[in-house]
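Dropping start-v2.cif in here (mmCIF, N, CA and C atoms):
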```cif
data_data
loop_
_atom_site.label_atom_id
_atom_site.label_comp_id
_atom_site.auth_asym_id
_atom_site.auth_seq_id
_atom_site.Cartn_x
_atom_site.Cartn_y
_atom_site.Cartn_z
N MET A 1 -15.88 0.55 -7.19
CA MET A 1 -16.28 1.83 -7.74
C MET A 1 -15.65 1.98 -9.12
N ARG A 2 -16.40 2.48 -10.06
CA ARG A 2 -15.87 2.75 -11.39
C ARG A 2 -16.40 4.10 -11.86
N ASP A 3 -15.52 4.85 -12.47
CA ASP A 3 -15.91 6.00 -13.26
C ASP A 3 -14.93 6.07 -14.41
N SER A 4 -14.96 7.10 -15.18
CA SER A 4 -14.12 7.13 -16.38
C SER A 4 -12.64 7.27 -16.07
N ARG A 5 -12.27 7.67 -14.84
CA ARG A 5 -10.86 7.91 -14.53
C ARG A 5 -10.25 6.90 -13.59
N VAL A 6 -11.04 6.24 -12.75
CA VAL A 6 -10.47 5.44 -11.68
C VAL A 6 -11.31 4.19 -11.43
N THR A 7 -10.60 3.11 -11.04
CA THR A 7 -11.26 1.90 -10.57
C THR A 7 -10.72 1.64 -9.16
N VAL A 8 -11.63 1.36 -8.24
CA VAL A 8 -11.24 1.06 -6.87
C VAL A 8 -11.78 -0.32 -6.52
N ALA A 9 -10.89 -1.18 -6.04
CA ALA A 9 -11.28 -2.52 -5.61
C ALA A 9 -10.74 -2.74 -4.21
N ARG A 10 -11.44 -3.58 -3.45
CA ARG A 10 -11.01 -3.89 -2.09
C ARG A 10 -10.75 -5.39 -1.99
N ARG A 11 -9.66 -5.72 -1.32
CA ARG A 11 -9.37 -7.10 -0.98
C ARG A 11 -9.08 -7.13 0.52
N VAL A 12 -9.64 -8.10 1.21
CA VAL A 12 -9.40 -8.25 2.64
C VAL A 12 -8.25 -9.23 2.79
N LEU A 13 -7.17 -8.77 3.44
CA LEU A 13 -5.95 -9.57 3.52
C LEU A 13 -5.56 -9.85 4.96
N GLY A 14 -4.92 -10.98 5.16
CA GLY A 14 -4.28 -11.31 6.42
C GLY A 14 -5.24 -11.77 7.50
N PRO A 15 -4.67 -12.28 8.59
CA PRO A 15 -5.48 -12.84 9.67
C PRO A 15 -6.24 -11.78 10.47
N ILE A 16 -5.89 -10.51 10.28
CA ILE A 16 -6.60 -9.45 11.00
C ILE A 16 -7.64 -8.81 10.07
N SER A 17 -7.77 -9.34 8.86
CA SER A 17 -8.76 -8.87 7.88
C SER A 17 -8.61 -7.38 7.59
N THR A 18 -7.41 -7.01 7.17
CA THR A 18 -7.12 -5.62 6.82
C THR A 18 -7.65 -5.32 5.43
N ASN A 19 -8.31 -4.19 5.29
CA ASN A 19 -8.77 -3.75 3.98
C ASN A 19 -7.59 -3.24 3.18
N CYS A 20 -7.37 -3.86 2.04
CA CYS A 20 -6.35 -3.42 1.08
C CYS A 20 -7.12 -2.83 -0.10
N TRP A 21 -6.76 -1.61 -0.46
CA TRP A 21 -7.44 -0.92 -1.56
C TRP A 21 -6.54 -0.89 -2.78
N LEU A 22 -7.10 -1.18 -3.93
CA LEU A 22 -6.38 -1.19 -5.20
C LEU A 22 -7.01 -0.10 -6.06
N ILE A 23 -6.25 0.96 -6.26
CA ILE A 23 -6.75 2.11 -7.00
C ILE A 23 -6.00 2.17 -8.32
N THR A 24 -6.74 2.11 -9.41
CA THR A 24 -6.15 2.07 -10.74
C THR A 24 -6.61 3.26 -11.56
N CYS A 25 -5.67 3.94 -12.18
CA CYS A 25 -5.98 5.00 -13.14
C CYS A 25 -6.39 4.30 -14.43
N ALA A 26 -7.65 4.47 -14.82
CA ALA A 26 -8.16 3.79 -16.00
C ALA A 26 -7.47 4.24 -17.28
N GLU A 27 -6.97 5.47 -17.30
CA GLU A 27 -6.35 6.00 -18.52
C GLU A 27 -4.93 5.49 -18.73
N THR A 28 -4.18 5.27 -17.64
CA THR A 28 -2.76 4.90 -17.78
C THR A 28 -2.46 3.48 -17.29
N GLY A 29 -3.36 2.87 -16.53
CA GLY A 29 -3.09 1.56 -15.96
C GLY A 29 -2.23 1.60 -14.71
N SER A 30 -1.89 2.79 -14.22
CA SER A 30 -1.09 2.92 -13.00
C SER A 30 -1.90 2.39 -11.82
N LEU A 31 -1.20 1.75 -10.88
CA LEU A 31 -1.86 1.10 -9.75
C LEU A 31 -1.26 1.58 -8.44
N LEU A 32 -2.12 1.89 -7.47
CA LEU A 32 -1.71 2.21 -6.12
C LEU A 32 -2.30 1.14 -5.21
N VAL A 33 -1.43 0.38 -4.53
CA VAL A 33 -1.85 -0.66 -3.60
C VAL A 33 -1.79 -0.03 -2.21
N VAL A 34 -2.94 0.17 -1.59
CA VAL A 34 -3.00 0.84 -0.30
C VAL A 34 -3.16 -0.21 0.80
N ASP A 35 -2.18 -0.26 1.71
CA ASP A 35 -2.20 -1.12 2.90
C ASP A 35 -2.33 -2.61 2.60
N PRO A 36 -1.29 -3.21 1.98
CA PRO A 36 -1.32 -4.66 1.74
C PRO A 36 -1.07 -5.41 3.04
N GLY A 37 -2.14 -5.68 3.79
CA GLY A 37 -2.04 -6.16 5.16
C GLY A 37 -1.99 -7.65 5.35
N GLY A 38 -1.44 -8.38 4.42
CA GLY A 38 -1.32 -9.83 4.56
C GLY A 38 -0.61 -10.36 3.34
N PHE A 39 -0.55 -11.69 3.21
CA PHE A 39 0.08 -12.25 2.02
C PHE A 39 -0.71 -11.78 0.81
N PRO A 40 -0.04 -11.14 -0.16
CA PRO A 40 -0.77 -10.41 -1.18
C PRO A 40 -1.21 -11.21 -2.40
N GLY A 41 -1.41 -12.51 -2.27
CA GLY A 41 -1.87 -13.29 -3.40
C GLY A 41 -3.08 -12.69 -4.11
N PRO A 42 -4.14 -12.27 -3.37
CA PRO A 42 -5.31 -11.71 -4.03
C PRO A 42 -5.05 -10.36 -4.72
N VAL A 43 -3.88 -9.78 -4.50
CA VAL A 43 -3.54 -8.49 -5.11
C VAL A 43 -2.79 -8.71 -6.42
N MET A 44 -2.12 -9.84 -6.54
CA MET A 44 -1.22 -10.07 -7.67
C MET A 44 -1.91 -9.94 -9.03
N GLU A 45 -3.17 -10.32 -9.12
CA GLU A 45 -3.88 -10.24 -10.41
C GLU A 45 -4.03 -8.79 -10.89
N PHE A 46 -3.91 -7.83 -9.99
CA PHE A 46 -4.06 -6.43 -10.35
C PHE A 46 -2.74 -5.80 -10.81
N LEU A 47 -1.62 -6.44 -10.50
CA LEU A 47 -0.33 -5.84 -10.81
C LEU A 47 -0.09 -5.79 -12.31
N PRO A 48 0.38 -4.65 -12.80
CA PRO A 48 0.76 -4.57 -14.22
C PRO A 48 1.87 -5.59 -14.51
N LYS A 49 1.92 -6.06 -15.71
CA LYS A 49 2.91 -7.08 -16.11
C LYS A 49 4.12 -6.44 -16.79
N GLY A 50 5.25 -7.13 -16.72
CA GLY A 50 6.47 -6.73 -17.42
C GLY A 50 6.93 -5.33 -17.08
N ASP A 51 7.29 -4.57 -18.10
CA ASP A 51 7.79 -3.22 -17.90
C ASP A 51 6.74 -2.30 -17.29
N SER A 52 5.48 -2.61 -17.47
CA SER A 52 4.40 -1.79 -16.93
C SER A 52 4.36 -1.87 -15.40
N ARG A 53 5.09 -2.83 -14.83
CA ARG A 53 5.11 -2.97 -13.36
C ARG A 53 5.65 -1.69 -12.71
N SER A 54 6.41 -0.90 -13.46
CA SER A 54 6.93 0.35 -12.92
C SER A 54 5.80 1.36 -12.67
N LYS A 55 4.60 1.06 -13.13
CA LYS A 55 3.44 1.93 -12.91
C LYS A 55 2.73 1.62 -11.60
N ALA A 56 3.27 0.70 -10.79
CA ALA A 56 2.62 0.29 -9.55
C ALA A 56 3.44 0.71 -8.34
N MET A 57 2.74 1.07 -7.26
CA MET A 57 3.40 1.50 -6.03
C MET A 57 2.51 1.17 -4.84
N VAL A 58 3.13 1.00 -3.67
CA VAL A 58 2.41 0.75 -2.43
C VAL A 58 2.32 2.05 -1.64
N LEU A 59 1.16 2.30 -1.05
CA LEU A 59 0.98 3.40 -0.11
C LEU A 59 0.55 2.81 1.21
N ASN A 60 1.36 2.99 2.24
CA ASN A 60 0.98 2.57 3.59
C ASN A 60 0.41 3.79 4.32
N THR A 61 -0.85 3.67 4.76
CA THR A 61 -1.49 4.80 5.42
C THR A 61 -0.90 5.07 6.80
N HIS A 62 -0.34 4.03 7.40
CA HIS A 62 0.37 4.18 8.67
C HIS A 62 1.24 2.95 8.87
N GLY A 63 1.99 2.94 9.97
CA GLY A 63 3.03 1.94 10.13
C GLY A 63 2.69 0.70 10.92
N HIS A 64 1.41 0.42 11.20
CA HIS A 64 1.08 -0.81 11.91
C HIS A 64 1.37 -2.01 11.02
N PHE A 65 1.86 -3.09 11.64
CA PHE A 65 2.31 -4.26 10.88
C PHE A 65 1.22 -4.82 9.97
N ASP A 66 -0.03 -4.72 10.39
CA ASP A 66 -1.11 -5.29 9.58
C ASP A 66 -1.47 -4.43 8.37
N HIS A 67 -0.79 -3.31 8.20
CA HIS A 67 -1.02 -2.47 7.02
C HIS A 67 0.16 -2.53 6.05
N LEU A 68 1.23 -3.22 6.43
CA LEU A 68 2.40 -3.29 5.55
C LEU A 68 2.95 -4.70 5.43
N TRP A 69 2.19 -5.65 5.87
CA TRP A 69 2.58 -7.05 5.89
C TRP A 69 3.05 -7.53 4.51
N GLY A 70 2.36 -7.14 3.45
CA GLY A 70 2.68 -7.63 2.11
C GLY A 70 3.68 -6.80 1.34
N ASN A 71 4.24 -5.74 1.95
CA ASN A 71 5.16 -4.87 1.22
C ASN A 71 6.33 -5.63 0.59
N ARG A 72 6.98 -6.48 1.38
CA ARG A 72 8.17 -7.18 0.88
C ARG A 72 7.81 -8.12 -0.27
N GLU A 73 6.76 -8.91 -0.10
CA GLU A 73 6.40 -9.88 -1.14
C GLU A 73 5.97 -9.19 -2.44
N LEU A 74 5.30 -8.05 -2.35
CA LEU A 74 4.91 -7.34 -3.56
C LEU A 74 6.12 -6.82 -4.32
N GLY A 75 7.16 -6.41 -3.59
CA GLY A 75 8.38 -5.95 -4.23
C GLY A 75 8.24 -4.66 -5.01
N LEU A 76 7.30 -3.83 -4.60
CA LEU A 76 7.06 -2.55 -5.27
C LEU A 76 7.65 -1.41 -4.44
N PRO A 77 7.95 -0.28 -5.06
CA PRO A 77 8.33 0.89 -4.27
C PRO A 77 7.17 1.24 -3.34
N SER A 78 7.51 1.82 -2.19
CA SER A 78 6.46 2.14 -1.22
C SER A 78 6.60 3.55 -0.69
N MET A 79 5.47 4.05 -0.19
CA MET A 79 5.40 5.39 0.42
C MET A 79 4.74 5.27 1.78
N ILE A 80 5.20 6.11 2.70
CA ILE A 80 4.59 6.21 4.02
C ILE A 80 4.91 7.60 4.56
N HIS A 81 4.08 8.08 5.45
CA HIS A 81 4.35 9.39 6.05
C HIS A 81 5.62 9.29 6.90
N ARG A 82 6.39 10.34 6.87
CA ARG A 82 7.67 10.40 7.60
C ARG A 82 7.51 10.04 9.07
N LEU A 83 6.43 10.49 9.71
CA LEU A 83 6.25 10.25 11.14
C LEU A 83 5.87 8.81 11.46
N ASP A 84 5.48 8.03 10.47
CA ASP A 84 5.16 6.62 10.67
C ASP A 84 6.27 5.69 10.20
N ALA A 85 7.24 6.22 9.49
CA ALA A 85 8.29 5.38 8.89
C ALA A 85 9.08 4.59 9.93
N GLY A 86 9.27 5.13 11.11
CA GLY A 86 10.02 4.42 12.15
C GLY A 86 9.37 3.12 12.58
N MET A 87 8.06 3.02 12.38
CA MET A 87 7.35 1.79 12.78
C MET A 87 7.68 0.61 11.86
N LEU A 88 8.20 0.90 10.68
CA LEU A 88 8.56 -0.18 9.76
C LEU A 88 9.64 -1.08 10.36
N ALA A 89 10.57 -0.48 11.08
CA ALA A 89 11.68 -1.24 11.65
C ALA A 89 11.22 -2.22 12.73
N SER A 90 10.07 -1.95 13.34
CA SER A 90 9.60 -2.83 14.42
C SER A 90 8.39 -3.66 14.00
N ALA A 91 8.10 -3.71 12.71
CA ALA A 91 6.92 -4.45 12.24
C ALA A 91 7.00 -5.93 12.59
N ARG A 92 8.17 -6.51 12.41
CA ARG A 92 8.33 -7.94 12.71
C ARG A 92 8.08 -8.22 14.18
N GLU A 93 8.64 -7.39 15.06
CA GLU A 93 8.46 -7.57 16.50
C GLU A 93 7.01 -7.33 16.91
N ALA A 94 6.36 -6.36 16.28
CA ALA A 94 4.95 -6.10 16.59
C ALA A 94 4.09 -7.30 16.20
N GLY A 95 4.38 -7.89 15.07
CA GLY A 95 3.66 -9.10 14.66
C GLY A 95 3.88 -10.24 15.63
N ASP A 96 5.12 -10.38 16.10
CA ASP A 96 5.44 -11.43 17.08
C ASP A 96 4.57 -11.29 18.33
N CYS A 97 4.36 -10.07 18.78
CA CYS A 97 3.55 -9.82 19.98
C CYS A 97 2.12 -10.33 19.82
N TRP A 98 1.64 -10.38 18.58
CA TRP A 98 0.29 -10.84 18.30
C TRP A 98 0.28 -12.31 17.85
N GLY A 99 1.47 -12.91 17.79
CA GLY A 99 1.57 -14.31 17.38
C GLY A 99 1.64 -14.52 15.89
N TYR A 100 2.02 -13.48 15.12
CA TYR A 100 2.11 -13.58 13.67
C TYR A 100 3.55 -13.42 13.22
N VAL A 101 3.92 -14.14 12.18
CA VAL A 101 5.24 -14.00 11.58
C VAL A 101 5.09 -13.03 10.41
N VAL A 102 5.56 -11.81 10.62
CA VAL A 102 5.43 -10.75 9.62
C VAL A 102 6.81 -10.49 9.02
N PRO A 103 6.94 -10.55 7.70
CA PRO A 103 8.23 -10.25 7.10
C PRO A 103 8.60 -8.79 7.32
N SER A 104 9.86 -8.54 7.61
CA SER A 104 10.31 -7.16 7.76
C SER A 104 10.13 -6.44 6.43
N PRO A 105 9.43 -5.30 6.44
CA PRO A 105 9.23 -4.59 5.17
C PRO A 105 10.51 -3.89 4.74
N PRO A 106 10.68 -3.72 3.44
CA PRO A 106 11.83 -2.96 2.96
C PRO A 106 11.67 -1.49 3.33
N PRO A 107 12.75 -0.74 3.33
CA PRO A 107 12.63 0.69 3.62
C PRO A 107 11.75 1.37 2.57
N PRO A 108 11.02 2.41 2.97
CA PRO A 108 10.17 3.09 2.00
C PRO A 108 10.99 3.79 0.93
N SER A 109 10.42 3.89 -0.25
CA SER A 109 11.05 4.61 -1.36
C SER A 109 10.81 6.11 -1.24
N VAL A 110 9.66 6.47 -0.64
CA VAL A 110 9.27 7.87 -0.52
C VAL A 110 8.74 8.11 0.88
N LEU A 111 9.23 9.16 1.51
CA LEU A 111 8.69 9.61 2.79
C LEU A 111 7.78 10.80 2.51
N LEU A 112 6.55 10.69 2.96
CA LEU A 112 5.55 11.71 2.68
C LEU A 112 5.43 12.71 3.83
N GLU A 113 4.97 13.89 3.49
CA GLU A 113 4.66 14.94 4.46
C GLU A 113 3.20 15.35 4.27
N ASP A 114 2.62 15.93 5.29
CA ASP A 114 1.25 16.44 5.18
C ASP A 114 1.16 17.43 4.02
N GLY A 115 0.17 17.24 3.17
CA GLY A 115 -0.03 18.13 2.04
C GLY A 115 0.70 17.73 0.76
N ASP A 116 1.60 16.74 0.85
CA ASP A 116 2.32 16.29 -0.35
C ASP A 116 1.34 15.74 -1.38
N PRO A 117 1.66 15.93 -2.66
CA PRO A 117 0.86 15.28 -3.71
C PRO A 117 1.30 13.83 -3.90
N VAL A 118 0.35 12.98 -4.19
CA VAL A 118 0.62 11.60 -4.58
C VAL A 118 -0.01 11.43 -5.95
N ARG A 119 0.82 11.15 -6.94
CA ARG A 119 0.34 11.02 -8.32
C ARG A 119 0.03 9.56 -8.62
N LEU A 120 -1.07 9.37 -9.31
CA LEU A 120 -1.45 8.06 -9.80
C LEU A 120 -1.92 8.26 -11.23
N GLY A 121 -1.05 7.96 -12.18
CA GLY A 121 -1.39 8.20 -13.58
C GLY A 121 -1.72 9.66 -13.81
N ASN A 122 -2.93 9.92 -14.28
CA ASN A 122 -3.35 11.29 -14.57
C ASN A 122 -4.07 11.95 -13.40
N MET A 123 -4.04 11.30 -12.24
CA MET A 123 -4.73 11.83 -11.05
C MET A 123 -3.71 12.24 -9.99
N GLU A 124 -4.17 13.09 -9.09
CA GLU A 124 -3.32 13.52 -7.99
C GLU A 124 -4.17 13.57 -6.72
N PHE A 125 -3.59 13.01 -5.65
CA PHE A 125 -4.20 13.02 -4.32
C PHE A 125 -3.31 13.86 -3.41
N ARG A 126 -3.84 14.30 -2.29
CA ARG A 126 -3.06 15.03 -1.29
C ARG A 126 -3.01 14.22 0.00
N VAL A 127 -1.83 14.23 0.64
CA VAL A 127 -1.64 13.54 1.91
C VAL A 127 -2.28 14.37 3.02
N ILE A 128 -3.09 13.72 3.82
CA ILE A 128 -3.66 14.32 5.04
C ILE A 128 -3.18 13.45 6.18
N HIS A 129 -2.31 13.99 7.00
CA HIS A 129 -1.76 13.19 8.09
C HIS A 129 -2.55 13.43 9.36
#
```
Please go through the file and, once you have read it, give me the structure as structure tokens.
Amino acid sequence: MRDSRVTVARRVLGPISTNCWLITCAETGSLLVVDPGGFPGPVMEFLPKGDSRSKAMVLNTHGHFDHLWGNRELGLPSMIHRLDAGMLASAREAGDCWGYVVPSPPPPSVLLEDGDPVRLGNMEFRVIH
């Protein structure tokens, strides 16, 4: 999808074929990586380079291992709803149950609440839990 303010791209990641969404503010180059559910190689081309990397962040829509699999490798700050954050600690074990080796994700940088704003460049979204 393209319009004057936003670009949205989808990459299917991981063995469970999780949809990862890459939302970019066209005006600022800020990037939101939504649910990096596998090794994030196909996402790397979208990441801002150098100092601009600070314009990128991960948003996990929930705490299932297949939605946060690539968090550690991306090395970006991440956000998740407070009520799902506890699932991050068991992501590795959940992957084991399915026969997958999932890296333990780093702790989230931001805990979200219902109704919180999420800023992406010149745009703002609201959390609906």
Enumerate, as an MDAnalysis selection string, the residues matched when the PyMOL selection byres ((chain A and resi 82) around 7) is run on the file above. chainID A and resid 80:81 83:86 110:114
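Matched in the shown structure by the PyMOL selection byres ((chain A and resi 22) around 7): Thr7, Val8, Ala9, Arg10, Arg11, Cys20, Trp21, Ile23, Thr24, Leu31, Leu32, Val33 and Val34 of chain A.
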Closest to A:Arg92 among A:Pro105, A:Pro77, A:Gly115, A:Gly29, using all atoms listed in the file? A:Pro105
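Ranking A:Ile128, A:Val12, A:Arg5, A:Phe65 by their shortest atom-to-atom distance to A:Thr28, with only N, CA and C atoms included, puts A:Arg5 first.
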Report as a VMD selection string the residues that result from applying the PyMOL selection byres (((chain A and resi 73 and name CA) around 12) and name CA) to the structure here. chain A and resid 36 to 41 43 to 44 58 68 to 72 74 to 77 102 to 106
Given the selection you just returned, output its residues as a file containing N, CA and C atoms, formatted as a PDB file, in the frame of the given file.
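What follows is the written file out_29.pdb:
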```pdb
ATOM      1  N   PRO A  36      -1.290  -3.210   1.980  1.00  0.00           N
ATOM      2  CA  PRO A  36      -1.320  -4.660   1.740  1.00  0.00           C
ATOM      3  C   PRO A  36      -1.070  -5.410   3.040  1.00  0.00           C
ATOM      4  N   GLY A  37      -2.140  -5.680   3.790  1.00  0.00           N
ATOM      5  CA  GLY A  37      -2.040  -6.160   5.160  1.00  0.00           C
ATOM      6  C   GLY A  37      -1.990  -7.650   5.350  1.00  0.00           C
ATOM      7  N   GLY A  38      -1.440  -8.380   4.420  1.00  0.00           N
ATOM      8  CA  GLY A  38      -1.320  -9.830   4.560  1.00  0.00           C
ATOM      9  C   GLY A  38      -0.610 -10.360   3.340  1.00  0.00           C
ATOM     10  N   PHE A  39      -0.550 -11.690   3.210  1.00  0.00           N
ATOM     11  CA  PHE A  39       0.080 -12.250   2.020  1.00  0.00           C
ATOM     12  C   PHE A  39      -0.710 -11.780   0.810  1.00  0.00           C
ATOM     13  N   PRO A  40      -0.040 -11.140  -0.160  1.00  0.00           N
ATOM     14  CA  PRO A  40      -0.770 -10.410  -1.180  1.00  0.00           C
ATOM     15  C   PRO A  40      -1.210 -11.210  -2.400  1.00  0.00           C
ATOM     16  N   GLY A  41      -1.410 -12.510  -2.270  1.00  0.00           N
ATOM     17  CA  GLY A  41      -1.870 -13.290  -3.400  1.00  0.00           C
ATOM     18  C   GLY A  41      -3.080 -12.690  -4.110  1.00  0.00           C
ATOM     19  N   VAL A  43      -3.880  -9.780  -4.500  1.00  0.00           N
ATOM     20  CA  VAL A  43      -3.540  -8.490  -5.110  1.00  0.00           C
ATOM     21  C   VAL A  43      -2.790  -8.710  -6.420  1.00  0.00           C
ATOM     22  N   MET A  44      -2.120  -9.840  -6.540  1.00  0.00           N
ATOM     23  CA  MET A  44      -1.220 -10.070  -7.670  1.00  0.00           C
ATOM     24  C   MET A  44      -1.910  -9.940  -9.030  1.00  0.00           C
ATOM     25  N   VAL A  58       3.130   1.000  -3.670  1.00  0.00           N
ATOM     26  CA  VAL A  58       2.410   0.750  -2.430  1.00  0.00           C
ATOM     27  C   VAL A  58       2.320   2.050  -1.640  1.00  0.00           C
ATOM     28  N   LEU A  68       1.230  -3.220   6.430  1.00  0.00           N
ATOM     29  CA  LEU A  68       2.400  -3.290   5.550  1.00  0.00           C
ATOM     30  C   LEU A  68       2.950  -4.700   5.430  1.00  0.00           C
ATOM     31  N   TRP A  69       2.190  -5.650   5.870  1.00  0.00           N
ATOM     32  CA  TRP A  69       2.580  -7.050   5.890  1.00  0.00           C
ATOM     33  C   TRP A  69       3.050  -7.530   4.510  1.00  0.00           C
ATOM     34  N   GLY A  70       2.360  -7.140   3.450  1.00  0.00           N
ATOM     35  CA  GLY A  70       2.680  -7.630   2.110  1.00  0.00           C
ATOM     36  C   GLY A  70       3.680  -6.800   1.340  1.00  0.00           C
ATOM     37  N   ASN A  71       4.240  -5.740   1.950  1.00  0.00           N
ATOM     38  CA  ASN A  71       5.160  -4.870   1.220  1.00  0.00           C
ATOM     39  C   ASN A  71       6.330  -5.630   0.590  1.00  0.00           C
ATOM     40  N   ARG A  72       6.980  -6.480   1.380  1.00  0.00           N
ATOM     41  CA  ARG A  72       8.170  -7.180   0.880  1.00  0.00           C
ATOM     42  C   ARG A  72       7.810  -8.120  -0.270  1.00  0.00           C
ATOM     43  N   LEU A  74       5.300  -8.050  -2.350  1.00  0.00           N
ATOM     44  CA  LEU A  74       4.910  -7.340  -3.560  1.00  0.00           C
ATOM     45  C   LEU A  74       6.120  -6.820  -4.320  1.00  0.00           C
ATOM     46  N   GLY A  75       7.160  -6.410  -3.590  1.00  0.00           N
ATOM     47  CA  GLY A  75       8.380  -5.950  -4.230  1.00  0.00           C
ATOM     48  C   GLY A  75       8.240  -4.660  -5.010  1.00  0.00           C
ATOM     49  N   LEU A  76       7.300  -3.830  -4.600  1.00  0.00           N
ATOM     50  CA  LEU A  76       7.060  -2.550  -5.270  1.00  0.00           C
ATOM     51  C   LEU A  76       7.650  -1.410  -4.440  1.00  0.00           C
ATOM     52  N   PRO A  77       7.950  -0.280  -5.060  1.00  0.00           N
ATOM     53  CA  PRO A  77       8.330   0.890  -4.270  1.00  0.00           C
ATOM     54  C   PRO A  77       7.170   1.240  -3.340  1.00  0.00           C
ATOM     55  N   VAL A 102       5.560 -11.810  10.620  1.00  0.00           N
ATOM     56  CA  VAL A 102       5.430 -10.750   9.620  1.00  0.00           C
ATOM     57  C   VAL A 102       6.810 -10.490   9.020  1.00  0.00           C
ATOM     58  N   PRO A 103       6.940 -10.550   7.700  1.00  0.00           N
ATOM     59  CA  PRO A 103       8.230 -10.250   7.100  1.00  0.00           C
ATOM     60  C   PRO A 103       8.600  -8.790   7.320  1.00  0.00           C
ATOM     61  N   SER A 104       9.860  -8.540   7.610  1.00  0.00           N
ATOM     62  CA  SER A 104      10.310  -7.160   7.760  1.00  0.00           C
ATOM     63  C   SER A 104      10.130  -6.440   6.430  1.00  0.00           C
ATOM     64  N   PRO A 105       9.430  -5.300   6.440  1.00  0.00           N
ATOM     65  CA  PRO A 105       9.230  -4.590   5.170  1.00  0.00           C
ATOM     66  C   PRO A 105      10.510  -3.890   4.740  1.00  0.00           C
ATOM     67  N   PRO A 106      10.680  -3.720   3.440  1.00  0.00           N
ATOM     68  CA  PRO A 106      11.830  -2.960   2.960  1.00  0.00           C
ATOM     69  C   PRO A 106      11.670  -1.490   3.330  1.00  0.00           C
TER      70      PRO A 106
END
```
Report the residues of chain A whose backbone DSSP state falls under helix (DSSP H, G or I), written as a PyMOL selection string. chain A and resi 41-44+50-55+65-67+71-74+82-97
Nearest residue to A:Glu27 out of A:Leu120, A:Leu13, A:Val127, A:Ala91, using only C-alpha atoms?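 Among the listed residues, A:Leu120 lies closest to A:Glu27.
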Measuring atom to atom with all atoms listed in the file, identify which of A:Asp96, A:Arg126, A:Gly50, A:Asp66 is nearest to A:Pro15.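 Selected residue with least distance to A:Pro15: A:Asp66.
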One decimal, Å: what's the distance from atom CA of A:His62 over to atom CA of A:Lys49, could you say?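 Spanning atom CA of A:His62 to atom CA of A:Lys49 is a straight-line distance of 27.3 Å.
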Two-atom distance - atom CA of A:Gly63, atom CA of A:Met87 (Å):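 A separation of 5.1 Å between them.
Coordinates place atom N of A:Tyr100 at a distance of 24.8 Å from atom C of A:Met57.
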Kindly compute an axis-aligned box around the listed atoms of stretch 52-70 of chain A, allowing 4 Å on each side, and express its centre and edge lengths in Å to one decimal as lines of an AutoDock Vina configuration file.
```
center_x = 2.7
center_y = -1.3
center_z = -2.8
size_x = 16.4
size_y = 20.7
size_z = 37.4
```
Proximity to A:Val6 - best of A:Glu124, A:Pro48, A:Ala89, A:His129, only C-alpha atoms: A:Glu124
Would you list, as JSON, numbers by chain, the residues of stretch 26-100 of chain A that end up in strand (DSSP E or B) under DSSP run on this structure's backbone? {"A": [31, 32, 33, 34, 56, 57, 58, 59, 78, 79, 80, 81]}
